[in-house]
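Reviewing the structure listed below.
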Amino acid sequence: MNTITCPIPVQEREHIQLAHGGGGKLTQELIETIFYPAFKNDILEQEHDSAQIAMPGGRIAFTTDSFVVDPVFFPGGDIGELAVNGTVNDLLCSGAVPQYISVGFIIEEGFAINDLKKIVQSIADAARKANVKIVTGDTKVIERIHGNQIYINTSGIGSIPESVALSPKNVKHGDSVIVTGRIGEHGICVLSTRNSLGFETDIKSDTRSLNEIVRNLLKDIPQTRVLRDPTRGGLSSTLNEIAHTAGAGIEINEEALPISKGVESACELLGLDPLYIANEGILLVFVPGEYEKQALEIIRNSEHGADAMPIGKVIPDPAHRVYLQSAFGGKRVVEVLSGEQLPRIC
Amino acid sequence: MCLAIPGKIIEIIESDDFLQEALVDFGGIRKNICIAWIDATEGDYVLAHAGMAISVIDEQEAELTRQALIAVGDLEQ
Amino acid sequence: MNQKEIYRDANYGKQLVTAIRKITTRPWKIMDTCGGQTHAIARYRIEEMLPPEISLIHGPGCPVCVTPADTIDTAIELALNNKNVIISTFGDMMRVPGSKYDLLTAKSLGADIRIIYSPLDALKTAMENPSREVILFAIGFETTAPVHAQVVYESSKRKIRNLSLLTSLFAVPPVLEHLFALPDFSVDGLLAAGHVCSITGLSDYHRLSRNYQIPISVTGFEPVDILYGIYTNIRQLEEADYSVCNAYSRMVPEEGNPKARLVLDEIFEPSVQNWRGLGSLPASGFKIKEKYKSFDTLKRYSIKNKCLIKDDGCIAGEIMKGIAKPVNCPHFGKACRPESPLGAAMVSSEGVCAAYYKYK
Ligand code: SF4
């Protein structure tokens with residue numbers, strides 16, 4: 001007896017098609033050949049419609065973030081790694097132990113499947129490093145625009161130990177402000193790849209998860225006031241947010257800012273201010289002044305914390321502003337930017 | 001106005017097509033800059049504005065200014 | 001110590017401040033010429049370091065903030081009404097409001113607007129996109145104008161037909177002369193913009209200082225450079241020495257850059273130019289010569305120069321002259337705000353009106 005088969009042979013596909021997001025056979029193919037093998041874990045293997053996870057009692061932290069970085073691959077990382085590390089660091093900043101991550105892809109038609117594989121692999125690697133499981137996900141395909149873009153949303157859950165009480169409201173005059181690594185690396189690295197604005201550099205994105213710093217810090221200094229990752233908008237936005245919520249001023253010292261020569265030079269070339277450049281692998285840490293030395297030692301001895309510096313103090317200020325003491329003398333107000341910082345000619 | 005920063009020529013780029021360019025190092029980052037308006041060679045410091053080297057830094061004048069600055073300081077002693 | 005470290009060294013700064021205090025015997029008003037200096041003065045809080053007798057007046061601004069609103073409107077219209085057009089522009093132009101909105105908004109409405117580092121990049125864009133029309137939004141003082149001229153020169157040589165320039169180019173000496181000649185101009189000394197001078201050379205400045213009895217210090221942009229410029233300027237004022245002092249000689253040769261000026265003169269000729277907030281001034285800008293008219297966006301698209309100079313009572317001129325403060329302006333904080341500036345001084349965050357607004 002003859003079975004009816006399609007006369008057109010099945011082709012090895014190299015690019016994403018709309019059908020990959022359609023929920024049918026191609027979607028299944030992606031899941032089975034790319035996502036499952038890379039993310040493999042007990043919860044994913046339950047194959048439920050939603051992940052079923054056992055949570056301990058008490059508070060959980062729950063966060064979400066979307067990643068649209070262009071280019072998708074950049075020196076020092078890619079969008080996949082960034083998407084995991086970003087959400088892990090957000091969880092860490094609330095003092096939680098990161099546990100479970102969801103990954104949603106929005107992929108442009110025409111995106112190379114090999115590139116998708118690379119991204120999925122780096123998601124898996126980043127998750128392993130940060131000790132989190134990818135437990136659920138989704139894929140949608142949108143019509144072609146440039147054929148090279150992918151967007152990723154990740155959400156994450158972690159449990160917050162009883163002893164932790166981090167909040168910008170705890171911040172008090174005299175608290176010390178510490179930054180755990182060099183500033184501006186991610187933003188400048190992405191900018192260096194831009195056509196006209198680009199330049200040759202050894203600067204790499206600092207995307208990384210900061211589990212060890214946070215774990216060690218909260219273990220030894222439960223008095224830690226607040227942790228924040230100064231991503232978009234850079235140090236200035238995050239410091240201003242904290243100053244505003246805390247109802248205090250913050251004074252930082254230009255000379256103390258850890259910044260590489262390359263980032264500084266790139267900022268001068270394009271007329272940018274490093275305080276507004278995005279970071280992906282550093283934290284701002286506020287501790288009571290008397291814990292500054294201890295905190296610094298803990299951070300510097302933790303993975304990714306070697307370049308940590310104390311950069312300033314919380315001060316009384318009715319205007320709740322952030323001030324920068326320049327190395328040259330003179331103090332200026334560090335404003336919040338209304339939008340993305342653009343390169344200047346003037 | 002007219003953001004311009006100094007950098008060091010590390011390599012003159014041979015090309016017969018586009019305007020004469022050089023790879024210039026600006027303290028750890030490098031960029032191609034057009035040097036059609038100046039006479040400079042590898043190792044020279046140039047002032048770059050909007051992709052153009054607009055002048056070669058005069059080391060002798062730099063030293064004179066430095067001495068003038070020191071002299072201003074000495075007045076105060 | 002390398003160059004950069006010297007000119008940011010707080011010790012040199014302190015010594016200069018002490019020296020300035022020592023030689024100052026009476027009140028002096030000193031004007032900087034450009035946004036870059038205003039920026040550095042604000043950033044390093046130089047005004048607060050100076051003795052109270054010295055007041056700093058912020059001069060004509062920068063080419064971005066003096067670009068008239070209707071030129072920005074023209075760029076926006078061209079980009080929105082013609083899907084084939086690519087606008088190439090410097091990043092700081094993106095947020096400067098035209099009469100309705102800015103280039104950033106136009107981009108969000110679908111205009112193809114690309115930020116460049118160098119005008120030469122616009123030439124590359126034109127070569128890479130032969131079926132598109134590239135418009136270089138050519139703004140600048142004399143420092144940047146020859147770079148734009150070089151683009152026209154190269155395009156003409158290569159027979160590139162899909163590139164044109166929407167110019168908004170300014171010459172500094174004519175606007176200074178305009179200010180100096182005003183009967184109520186009360187500024188005593190001038191800091192000339194170093195990077196402009198590295199192209200133009202100093203001849204115009206010698207003439208200005210002689211004719212108007214104003215000492216001029218050619219000044220750089222690092223904090224020590226600025227204090228050194230102020231120091232030499234005050235020294236001249238105290239000694240009644242009305243000449244040009246080159247306080248930035250490591251970057252500025254007396255004769256400027258002749259090769260750059262050659263290209264500038266080949267492509268452009270002096271023309272009347274409208275300064276946002278100051279109005280229209282004769283021979284204070286550059287336009288493309290007839291010979292190269294096919295590279296002139298206005299001619300190519302038959303756009304009438306609207307020249308609708310609504311001065312609307314902006315008193316930026318008075319502020320520059322040193323006889324008024326922003327609060328004296330009827331529009332300050334009302335019709336003129338950072339989101340909807342009337343005059344140049346409100347456009348950039350370092351403009352005096354914007355600075356006053358922020359801390360009012
Ligand atoms: S407030 Fe506006 S209108 Fe008034 S002087 Fe300043 S810039 Fe001009």
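Going by the structure tokens order, chains are called A, B, ..., each with residues numbered from 1, while ligands are numbered from 1 in the order shown.
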Notebook entry, point to check: What are the residues of chain C that have an atom within 8 Å of an atom of chain B, counting only C-alpha atoms, as a VMD selection string?
Noted result: chain C and resid 12 15 to 16 18 to 19 34 to 37 61 to 63 117 to 120 140 to 141 143 to 144 147 195 to 196 198 to 199 228 247 249 to 252 257 259 to 260
Please return as a PDB file with N, CA, C and O atoms, in the first residue's frame the residues found within 9 Å of ligand 1, counting only C-alpha atoms and all ligand atoms.
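Final file, pocket-v8.pdb:
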```
ATOM      1  N   ARG C 276      20.276  81.931  15.953  1.00  0.00           N
ATOM      2  CA  ARG C 276      19.131  81.758  16.843  1.00  0.00           C
ATOM      3  C   ARG C 276      19.326  82.637  18.072  1.00  0.00           C
ATOM      4  O   ARG C 276      20.322  82.530  18.771  1.00  0.00           O
ATOM      5  N   GLY C 277      18.376  83.494  18.314  1.00  0.00           N
ATOM      6  CA  GLY C 277      18.436  84.359  19.486  1.00  0.00           C
ATOM      7  C   GLY C 277      19.126  85.691  19.228  1.00  0.00           C
ATOM      8  O   GLY C 277      18.969  86.623  19.996  1.00  0.00           O
ATOM      9  N   LEU C 278      19.922  85.782  18.155  1.00  0.00           N
ATOM     10  CA  LEU C 278      20.633  87.034  17.876  1.00  0.00           C
ATOM     11  C   LEU C 278      20.096  87.714  16.632  1.00  0.00           C
ATOM     12  O   LEU C 278      20.257  88.912  16.447  1.00  0.00           O
ATOM     13  N   ASP C 311      12.047  87.448  16.106  1.00  0.00           N
ATOM     14  CA  ASP C 311      12.930  87.695  17.228  1.00  0.00           C
ATOM     15  C   ASP C 311      12.174  87.617  18.535  1.00  0.00           C
ATOM     16  O   ASP C 311      12.717  87.262  19.560  1.00  0.00           O
ATOM     17  N   ASP C 312      10.887  87.955  18.476  1.00  0.00           N
ATOM     18  CA  ASP C 312      10.004  87.694  19.606  1.00  0.00           C
ATOM     19  C   ASP C 312      10.519  88.186  20.950  1.00  0.00           C
ATOM     20  O   ASP C 312      10.170  87.661  21.988  1.00  0.00           O
ATOM     21  N   GLY C 313      11.411  89.142  20.911  1.00  0.00           N
ATOM     22  CA  GLY C 313      11.866  89.729  22.172  1.00  0.00           C
ATOM     23  C   GLY C 313      12.834  88.890  22.963  1.00  0.00           C
ATOM     24  O   GLY C 313      13.001  89.087  24.155  1.00  0.00           O
ATOM     25  N   CYS C 314      13.485  87.927  22.322  1.00  0.00           N
ATOM     26  CA  CYS C 314      14.538  87.188  23.008  1.00  0.00           C
ATOM     27  C   CYS C 314      15.675  88.155  23.284  1.00  0.00           C
ATOM     28  O   CYS C 314      16.142  88.853  22.393  1.00  0.00           O
ATOM     29  N   ILE C 315      16.119  88.227  24.512  1.00  0.00           N
ATOM     30  CA  ILE C 315      17.143  89.218  24.839  1.00  0.00           C
ATOM     31  C   ILE C 315      18.524  88.587  25.004  1.00  0.00           C
ATOM     32  O   ILE C 315      19.392  89.120  25.684  1.00  0.00           O
ATOM     33  N   ALA C 316      18.708  87.419  24.343  1.00  0.00           N
ATOM     34  CA  ALA C 316      20.002  86.740  24.453  1.00  0.00           C
ATOM     35  C   ALA C 316      21.146  87.690  24.095  1.00  0.00           C
ATOM     36  O   ALA C 316      22.231  87.620  24.667  1.00  0.00           O
ATOM     37  N   GLY C 317      20.901  88.569  23.143  1.00  0.00           N
ATOM     38  CA  GLY C 317      21.906  89.555  22.758  1.00  0.00           C
ATOM     39  C   GLY C 317      22.326  90.423  23.931  1.00  0.00           C
ATOM     40  O   GLY C 317      23.505  90.629  24.194  1.00  0.00           O
ATOM     41  N   GLU C 318      21.328  90.916  24.684  1.00  0.00           N
ATOM     42  CA  GLU C 318      21.610  91.766  25.845  1.00  0.00           C
ATOM     43  C   GLU C 318      22.400  90.995  26.909  1.00  0.00           C
ATOM     44  O   GLU C 318      23.269  91.518  27.574  1.00  0.00           O
ATOM     45  N   ILE C 319      22.026  89.684  27.027  1.00  0.00           N
ATOM     46  CA  ILE C 319      22.712  88.857  28.024  1.00  0.00           C
ATOM     47  C   ILE C 319      24.178  88.700  27.623  1.00  0.00           C
ATOM     48  O   ILE C 319      25.078  88.817  28.453  1.00  0.00           O
ATOM     49  N   ALA C 324      22.244  92.345  30.722  1.00  0.00           N
ATOM     50  CA  ALA C 324      20.988  91.810  31.252  1.00  0.00           C
ATOM     51  C   ALA C 324      21.203  90.394  31.767  1.00  0.00           C
ATOM     52  O   ALA C 324      22.191  89.739  31.423  1.00  0.00           O
ATOM     53  N   LYS C 325      20.296  89.965  32.620  1.00  0.00           N
ATOM     54  CA  LYS C 325      20.300  88.598  33.112  1.00  0.00           C
ATOM     55  C   LYS C 325      19.066  87.904  32.527  1.00  0.00           C
ATOM     56  O   LYS C 325      18.087  88.570  32.196  1.00  0.00           O
ATOM     57  N   PRO C 326      19.103  86.588  32.458  1.00  0.00           N
ATOM     58  CA  PRO C 326      17.947  85.881  31.881  1.00  0.00           C
ATOM     59  C   PRO C 326      16.621  86.257  32.521  1.00  0.00           C
ATOM     60  O   PRO C 326      15.609  86.373  31.827  1.00  0.00           O
ATOM     61  N   VAL C 327      16.613  86.509  33.828  1.00  0.00           N
ATOM     62  CA  VAL C 327      15.342  86.832  34.490  1.00  0.00           C
ATOM     63  C   VAL C 327      14.726  88.123  33.979  1.00  0.00           C
ATOM     64  O   VAL C 327      13.544  88.383  34.179  1.00  0.00           O
ATOM     65  N   ASN C 328      15.528  88.949  33.309  1.00  0.00           N
ATOM     66  CA  ASN C 328      14.981  90.180  32.744  1.00  0.00           C
ATOM     67  C   ASN C 328      14.203  89.938  31.454  1.00  0.00           C
ATOM     68  O   ASN C 328      13.552  90.835  30.937  1.00  0.00           O
ATOM     69  N   CYS C 329      14.292  88.714  30.924  1.00  0.00           N
ATOM     70  CA  CYS C 329      13.625  88.421  29.662  1.00  0.00           C
ATOM     71  C   CYS C 329      12.143  88.096  29.911  1.00  0.00           C
ATOM     72  O   CYS C 329      11.823  87.300  30.785  1.00  0.00           O
ATOM     73  N   PRO C 330      11.236  88.736  29.150  1.00  0.00           N
ATOM     74  CA  PRO C 330       9.803  88.507  29.367  1.00  0.00           C
ATOM     75  C   PRO C 330       9.382  87.058  29.101  1.00  0.00           C
ATOM     76  O   PRO C 330       8.373  86.602  29.616  1.00  0.00           O
ATOM     77  N   HIS C 331      10.166  86.339  28.299  1.00  0.00           N
ATOM     78  CA  HIS C 331       9.793  84.963  27.937  1.00  0.00           C
ATOM     79  C   HIS C 331      10.350  83.923  28.878  1.00  0.00           C
ATOM     80  O   HIS C 331       9.963  82.768  28.841  1.00  0.00           O
ATOM     81  N   PHE C 332      11.313  84.350  29.716  1.00  0.00           N
ATOM     82  CA  PHE C 332      12.028  83.403  30.559  1.00  0.00           C
ATOM     83  C   PHE C 332      11.078  82.585  31.434  1.00  0.00           C
ATOM     84  O   PHE C 332      10.276  83.138  32.197  1.00  0.00           O
ATOM     85  N   GLY C 333      11.145  81.287  31.269  1.00  0.00           N
ATOM     86  CA  GLY C 333      10.323  80.398  32.111  1.00  0.00           C
ATOM     87  C   GLY C 333       8.863  80.355  31.681  1.00  0.00           C
ATOM     88  O   GLY C 333       8.089  79.568  32.214  1.00  0.00           O
ATOM     89  N   LYS C 334       8.484  81.213  30.737  1.00  0.00           N
ATOM     90  CA  LYS C 334       7.098  81.205  30.250  1.00  0.00           C
ATOM     91  C   LYS C 334       7.085  80.591  28.854  1.00  0.00           C
ATOM     92  O   LYS C 334       7.060  79.376  28.725  1.00  0.00           O
ATOM     93  N   ALA C 335       7.133  81.441  27.814  1.00  0.00           N
ATOM     94  CA  ALA C 335       7.172  80.874  26.454  1.00  0.00           C
ATOM     95  C   ALA C 335       8.489  80.148  26.202  1.00  0.00           C
ATOM     96  O   ALA C 335       8.581  79.236  25.402  1.00  0.00           O
ATOM     97  N   CYS C 336       9.548  80.582  26.873  1.00  0.00           N
ATOM     98  CA  CYS C 336      10.865  79.997  26.636  1.00  0.00           C
ATOM     99  C   CYS C 336      11.288  79.116  27.795  1.00  0.00           C
ATOM    100  O   CYS C 336      11.558  79.605  28.896  1.00  0.00           O
ATOM    101  N   ARG C 337      11.274  77.836  27.558  1.00  0.00           N
ATOM    102  CA  ARG C 337      11.670  76.853  28.566  1.00  0.00           C
ATOM    103  C   ARG C 337      12.561  75.809  27.883  1.00  0.00           C
ATOM    104  O   ARG C 337      12.556  75.708  26.660  1.00  0.00           O
ATOM    105  N   PRO C 338      13.299  75.000  28.669  1.00  0.00           N
ATOM    106  CA  PRO C 338      14.200  74.037  28.004  1.00  0.00           C
ATOM    107  C   PRO C 338      13.482  73.136  26.994  1.00  0.00           C
ATOM    108  O   PRO C 338      14.061  72.782  25.977  1.00  0.00           O
ATOM    109  N   SER C 340      10.929  73.993  25.162  1.00  0.00           N
ATOM    110  CA  SER C 340      10.508  74.789  24.001  1.00  0.00           C
ATOM    111  C   SER C 340      11.277  76.104  23.981  1.00  0.00           C
ATOM    112  O   SER C 340      10.726  77.158  24.255  1.00  0.00           O
ATOM    113  N   PRO C 341      12.565  76.023  23.658  1.00  0.00           N
ATOM    114  CA  PRO C 341      13.401  77.222  23.722  1.00  0.00           C
ATOM    115  C   PRO C 341      13.115  78.192  22.583  1.00  0.00           C
ATOM    116  O   PRO C 341      12.833  77.775  21.472  1.00  0.00           O
ATOM    117  N   LEU C 342      13.161  79.480  22.885  1.00  0.00           N
ATOM    118  CA  LEU C 342      13.075  80.486  21.833  1.00  0.00           C
ATOM    119  C   LEU C 342      14.473  80.847  21.375  1.00  0.00           C
ATOM    120  O   LEU C 342      14.729  80.993  20.191  1.00  0.00           O
ATOM    121  N   GLY C 343      15.379  81.017  22.331  1.00  0.00           N
ATOM    122  CA  GLY C 343      16.716  81.475  21.996  1.00  0.00           C
ATOM    123  C   GLY C 343      17.768  80.426  22.292  1.00  0.00           C
ATOM    124  O   GLY C 343      17.526  79.452  22.999  1.00  0.00           O
ATOM    125  N   ALA C 344      18.971  80.665  21.721  1.00  0.00           N
ATOM    126  CA  ALA C 344      20.076  79.724  21.845  1.00  0.00           C
ATOM    127  C   ALA C 344      20.426  79.462  23.304  1.00  0.00           C
ATOM    128  O   ALA C 344      20.764  78.344  23.685  1.00  0.00           O
ATOM    129  N   ALA C 345      20.304  80.485  24.117  1.00  0.00           N
ATOM    130  CA  ALA C 345      20.757  80.351  25.497  1.00  0.00           C
ATOM    131  C   ALA C 345      19.902  79.370  26.291  1.00  0.00           C
ATOM    132  O   ALA C 345      20.259  78.969  27.395  1.00  0.00           O
ATOM    133  N   MET C 346      18.758  78.992  25.738  1.00  0.00           N
ATOM    134  CA  MET C 346      17.904  78.020  26.418  1.00  0.00           C
ATOM    135  C   MET C 346      18.055  76.629  25.791  1.00  0.00           C
ATOM    136  O   MET C 346      17.590  75.642  26.330  1.00  0.00           O
ATOM    137  N   VAL C 347      18.727  76.556  24.631  1.00  0.00           N
ATOM    138  CA  VAL C 347      18.773  75.282  23.911  1.00  0.00           C
ATOM    139  C   VAL C 347      19.662  74.249  24.594  1.00  0.00           C
ATOM    140  O   VAL C 347      19.225  73.166  24.965  1.00  0.00           O
ATOM    141  N   GLY C 351      23.676  76.535  28.235  1.00  0.00           N
ATOM    142  CA  GLY C 351      23.286  77.904  27.914  1.00  0.00           C
ATOM    143  C   GLY C 351      22.914  78.643  29.196  1.00  0.00           C
ATOM    144  O   GLY C 351      22.402  78.044  30.130  1.00  0.00           O
ATOM    145  N   VAL C 352      23.167  79.969  29.246  1.00  0.00           N
ATOM    146  CA  VAL C 352      22.919  80.686  30.495  1.00  0.00           C
ATOM    147  C   VAL C 352      21.458  80.618  30.911  1.00  0.00           C
ATOM    148  O   VAL C 352      21.153  80.426  32.085  1.00  0.00           O
ATOM    149  N   CYS C 353      20.551  80.763  29.955  1.00  0.00           N
ATOM    150  CA  CYS C 353      19.135  80.768  30.330  1.00  0.00           C
ATOM    151  C   CYS C 353      18.731  79.400  30.873  1.00  0.00           C
ATOM    152  O   CYS C 353      18.006  79.310  31.859  1.00  0.00           O
ATOM    153  N   ALA C 354      19.228  78.337  30.230  1.00  0.00           N
ATOM    154  CA  ALA C 354      18.916  76.987  30.706  1.00  0.00           C
ATOM    155  C   ALA C 354      19.483  76.784  32.107  1.00  0.00           C
ATOM    156  O   ALA C 354      18.832  76.213  32.985  1.00  0.00           O
ATOM    157  N   TYR C 357      17.422  78.626  34.562  1.00  0.00           N
ATOM    158  CA  TYR C 357      16.121  77.969  34.714  1.00  0.00           C
ATOM    159  C   TYR C 357      16.233  76.794  35.678  1.00  0.00           C
ATOM    160  O   TYR C 357      15.397  76.594  36.549  1.00  0.00           O
TER     161      TYR C 357
END
```
Please produce, as JSON lines, a per-residue contact table for chain A versus chain C (criterion: any atom at most 10 Å away, only C-alpha atoms considered), showing the nearest atom pair and its distance in Å to one decimal, sorted by chain then residue number.
```
{"residue": "A:Arg194", "atom": "CA", "partner": "C:Ile116", "partner_atom": "CA", "distance": 9.9}
{"residue": "A:Asn195", "atom": "CA", "partner": "C:Ile116", "partner_atom": "CA", "distance": 8.7}
{"residue": "A:Ser196", "atom": "CA", "partner": "C:Ile116", "partner_atom": "CA", "distance": 5.5}
{"residue": "A:Leu197", "atom": "CA", "partner": "C:Tyr117", "partner_atom": "CA", "distance": 5.3}
{"residue": "A:Gly198", "atom": "CA", "partner": "C:Tyr117", "partner_atom": "CA", "distance": 8.7}
{"residue": "A:Leu269", "atom": "CA", "partner": "C:Tyr117", "partner_atom": "CA", "distance": 9.3}
{"residue": "A:Leu270", "atom": "CA", "partner": "C:Tyr117", "partner_atom": "CA", "distance": 7.6}
{"residue": "A:Gly271", "atom": "CA", "partner": "C:Asp92", "partner_atom": "CA", "distance": 9.5}
{"residue": "A:Leu324", "atom": "CA", "partner": "C:Arg43", "partner_atom": "CA", "distance": 9.6}
{"residue": "A:Gln325", "atom": "CA", "partner": "C:Tyr44", "partner_atom": "CA", "distance": 9.1}
{"residue": "A:Ser326", "atom": "CA", "partner": "C:Tyr44", "partner_atom": "CA", "distance": 6.8}
{"residue": "A:Ala327", "atom": "CA", "partner": "C:Ala10", "partner_atom": "CA", "distance": 6.9}
{"residue": "A:Phe328", "atom": "CA", "partner": "C:Ala10", "partner_atom": "CA", "distance": 4.5}
{"residue": "A:Gly329", "atom": "CA", "partner": "C:Ala10", "partner_atom": "CA", "distance": 6.7}
{"residue": "A:Gly330", "atom": "CA", "partner": "C:Arg45", "partner_atom": "CA", "distance": 5.1}
{"residue": "A:Lys331", "atom": "CA", "partner": "C:Arg45", "partner_atom": "CA", "distance": 6.7}
{"residue": "A:Arg332", "atom": "CA", "partner": "C:Arg43", "partner_atom": "CA", "distance": 6.6}
{"residue": "A:Val333", "atom": "CA", "partner": "C:Arg43", "partner_atom": "CA", "distance": 9.1}
{"residue": "A:Gly339", "atom": "CA", "partner": "C:Arg95", "partner_atom": "CA", "distance": 9.6}
{"residue": "A:Gln341", "atom": "CA", "partner": "C:Gly91", "partner_atom": "CA", "distance": 8.8}
{"residue": "A:Leu342", "atom": "CA", "partner": "C:Gly91", "partner_atom": "CA", "distance": 5.1}
{"residue": "A:Pro343", "atom": "CA", "partner": "C:Gly91", "partner_atom": "CA", "distance": 4.9}
{"residue": "A:Arg344", "atom": "CA", "partner": "C:Asp92", "partner_atom": "CA", "distance": 4.9}
{"residue": "A:Ile345", "atom": "CA", "partner": "C:Phe90", "partner_atom": "CA", "distance": 6.4}
{"residue": "A:Cys346", "atom": "CA", "partner": "C:Gly36", "partner_atom": "CA", "distance": 6.2}
```
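Between atom CA of A:Val84 and atom CA of A:Ser205 the interatomic distance comes to 14.3 Å.
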Notebook entry, point to check: Taking only C-alpha atoms into account, what are the residues of chain A at most 6 Å from chain B, put as a PyMOL selection string?
Noted result: chain A and resi 199-201+262+265+345-346
Residues just named, written with N, CA, C and O atoms as a compact mmCIF listing (two decimals), in the first residue's frame:
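Here's the written file out.txt:
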```txt
# COMPACT_ATOMS: atom_id res chain seq x y z
N PHE A 199 35.01 52.59 16.90
CA PHE A 199 36.46 52.75 17.04
C PHE A 199 37.02 51.39 17.45
O PHE A 199 36.29 50.50 17.85
N GLU A 200 38.34 51.27 17.31
CA GLU A 200 39.00 50.03 17.74
C GLU A 200 39.28 50.12 19.23
O GLU A 200 39.78 51.14 19.70
N THR A 201 38.99 49.06 19.93
CA THR A 201 39.23 49.09 21.37
C THR A 201 39.31 47.68 21.93
O THR A 201 38.85 46.74 21.30
N GLY A 262 40.48 53.37 28.46
CA GLY A 262 39.75 53.27 27.19
C GLY A 262 38.37 53.90 27.28
O GLY A 262 37.95 54.64 26.39
N SER A 265 38.73 57.65 27.44
CA SER A 265 39.09 58.24 26.15
C SER A 265 37.92 58.21 25.17
O SER A 265 37.69 59.17 24.44
N ILE A 345 29.36 67.09 19.03
CA ILE A 345 30.41 67.69 18.23
C ILE A 345 30.81 69.01 18.90
O ILE A 345 31.92 69.50 18.76
N CYS A 346 29.89 69.58 19.66
CA CYS A 346 30.17 70.87 20.31
C CYS A 346 30.53 70.69 21.77
O CYS A 346 30.05 69.78 22.40
```
Determine, counting only C-alpha atoms, which protein, DNA and RNA residues have an atom within 8 Å of an atom of stretch 284-299 of chain C; residues of the same chain fewer than 5 positions away are not included. Present the result as a short mmCIF file (atom, residue, chain, number, x, y, z; two decimals) with N, CA and C atoms, in the first residue's frame.
```cif
data_model
loop_
_atom_site.label_atom_id
_atom_site.label_comp_id
_atom_site.auth_asym_id
_atom_site.auth_seq_id
_atom_site.Cartn_x
_atom_site.Cartn_y
_atom_site.Cartn_z
N ILE C 135 21.54 63.79 2.73
CA ILE C 135 21.65 65.21 3.06
C ILE C 135 22.49 65.34 4.32
N VAL C 152 32.31 68.26 0.15
CA VAL C 152 31.84 68.72 -1.16
C VAL C 152 32.94 68.55 -2.19
N SER C 156 32.59 66.19 -5.43
CA SER C 156 32.66 66.76 -6.75
C SER C 156 33.71 66.02 -7.58
N LEU C 163 24.51 63.45 -2.97
CA LEU C 163 24.83 64.06 -1.68
C LEU C 163 24.65 65.57 -1.77
N SER C 164 24.03 66.15 -0.75
CA SER C 164 23.97 67.60 -0.70
C SER C 164 24.06 68.06 0.75
N LEU C 165 24.32 69.36 0.93
CA LEU C 165 24.53 69.90 2.27
C LEU C 165 23.45 70.93 2.62
N LEU C 166 22.81 70.72 3.75
CA LEU C 166 21.93 71.74 4.31
C LEU C 166 22.79 72.48 5.32
N THR C 167 23.23 73.69 4.94
CA THR C 167 24.25 74.34 5.77
C THR C 167 23.68 75.24 6.86
N SER C 168 24.39 75.24 7.97
CA SER C 168 24.12 76.18 9.05
C SER C 168 25.49 76.47 9.64
N LEU C 169 26.24 77.30 8.89
CA LEU C 169 27.66 77.52 9.21
C LEU C 169 27.88 78.96 9.66
N PHE C 170 28.70 79.11 10.66
CA PHE C 170 28.85 80.42 11.30
C PHE C 170 30.32 80.84 11.36
N ALA C 171 30.54 82.13 11.21
CA ALA C 171 31.88 82.67 11.37
C ALA C 171 31.91 83.48 12.67
N VAL C 172 32.89 83.25 13.50
CA VAL C 172 32.91 83.87 14.83
C VAL C 172 33.29 85.36 14.80
N PRO C 173 34.38 85.77 14.11
CA PRO C 173 34.75 87.19 14.20
C PRO C 173 33.62 88.17 13.85
N PRO C 174 32.82 87.92 12.81
CA PRO C 174 31.76 88.89 12.52
C PRO C 174 30.76 89.08 13.67
N VAL C 175 30.42 88.00 14.36
CA VAL C 175 29.46 88.17 15.45
C VAL C 175 30.12 88.88 16.63
N ILE C 267 35.05 76.12 -1.64
CA ILE C 267 33.66 75.66 -1.66
C ILE C 267 32.67 76.73 -1.18
N PHE C 268 33.05 77.46 -0.13
CA PHE C 268 32.10 78.39 0.50
C PHE C 268 32.47 79.84 0.25
N GLU C 269 31.45 80.69 0.39
CA GLU C 269 31.71 82.14 0.42
C GLU C 269 30.92 82.73 1.58
N PRO C 270 31.37 83.89 2.08
CA PRO C 270 30.68 84.48 3.22
C PRO C 270 29.24 84.83 2.85
N SER C 271 28.34 84.70 3.80
CA SER C 271 26.94 85.06 3.53
C SER C 271 26.26 85.52 4.80
N VAL C 272 25.13 86.15 4.59
CA VAL C 272 24.33 86.56 5.74
C VAL C 272 23.89 85.29 6.46
N GLN C 273 23.88 85.31 7.79
CA GLN C 273 23.48 84.12 8.52
C GLN C 273 22.60 84.50 9.70
N LYS C 304 12.83 77.72 -0.64
CA LYS C 304 13.04 79.15 -0.39
C LYS C 304 13.52 79.30 1.04
N ASN C 305 14.60 80.07 1.19
CA ASN C 305 15.05 80.36 2.54
C ASN C 305 13.99 81.21 3.22
#
```
Check: Mind checking DSSP for stretch 64-300 of chain A and telling me the strand (DSSP E or B) residues as JSON, numbers by chain?
Finding: {"A": [64, 65, 66, 67, 73, 74, 77, 78, 97, 98, 99, 100, 101, 102, 103, 104, 105, 106, 107, 108, 112, 133, 134, 135, 136, 137, 138, 139, 140, 141, 142, 150, 151, 152, 153, 154, 155, 156, 157, 158, 159, 176, 177, 178, 179, 200, 201, 226, 227, 228, 249, 250, 251, 252, 253, 284, 285, 286, 287]}
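A straight line drawn from atom CA of A:Gly312 to atom CA of A:Val177 is 5.1 Å long.
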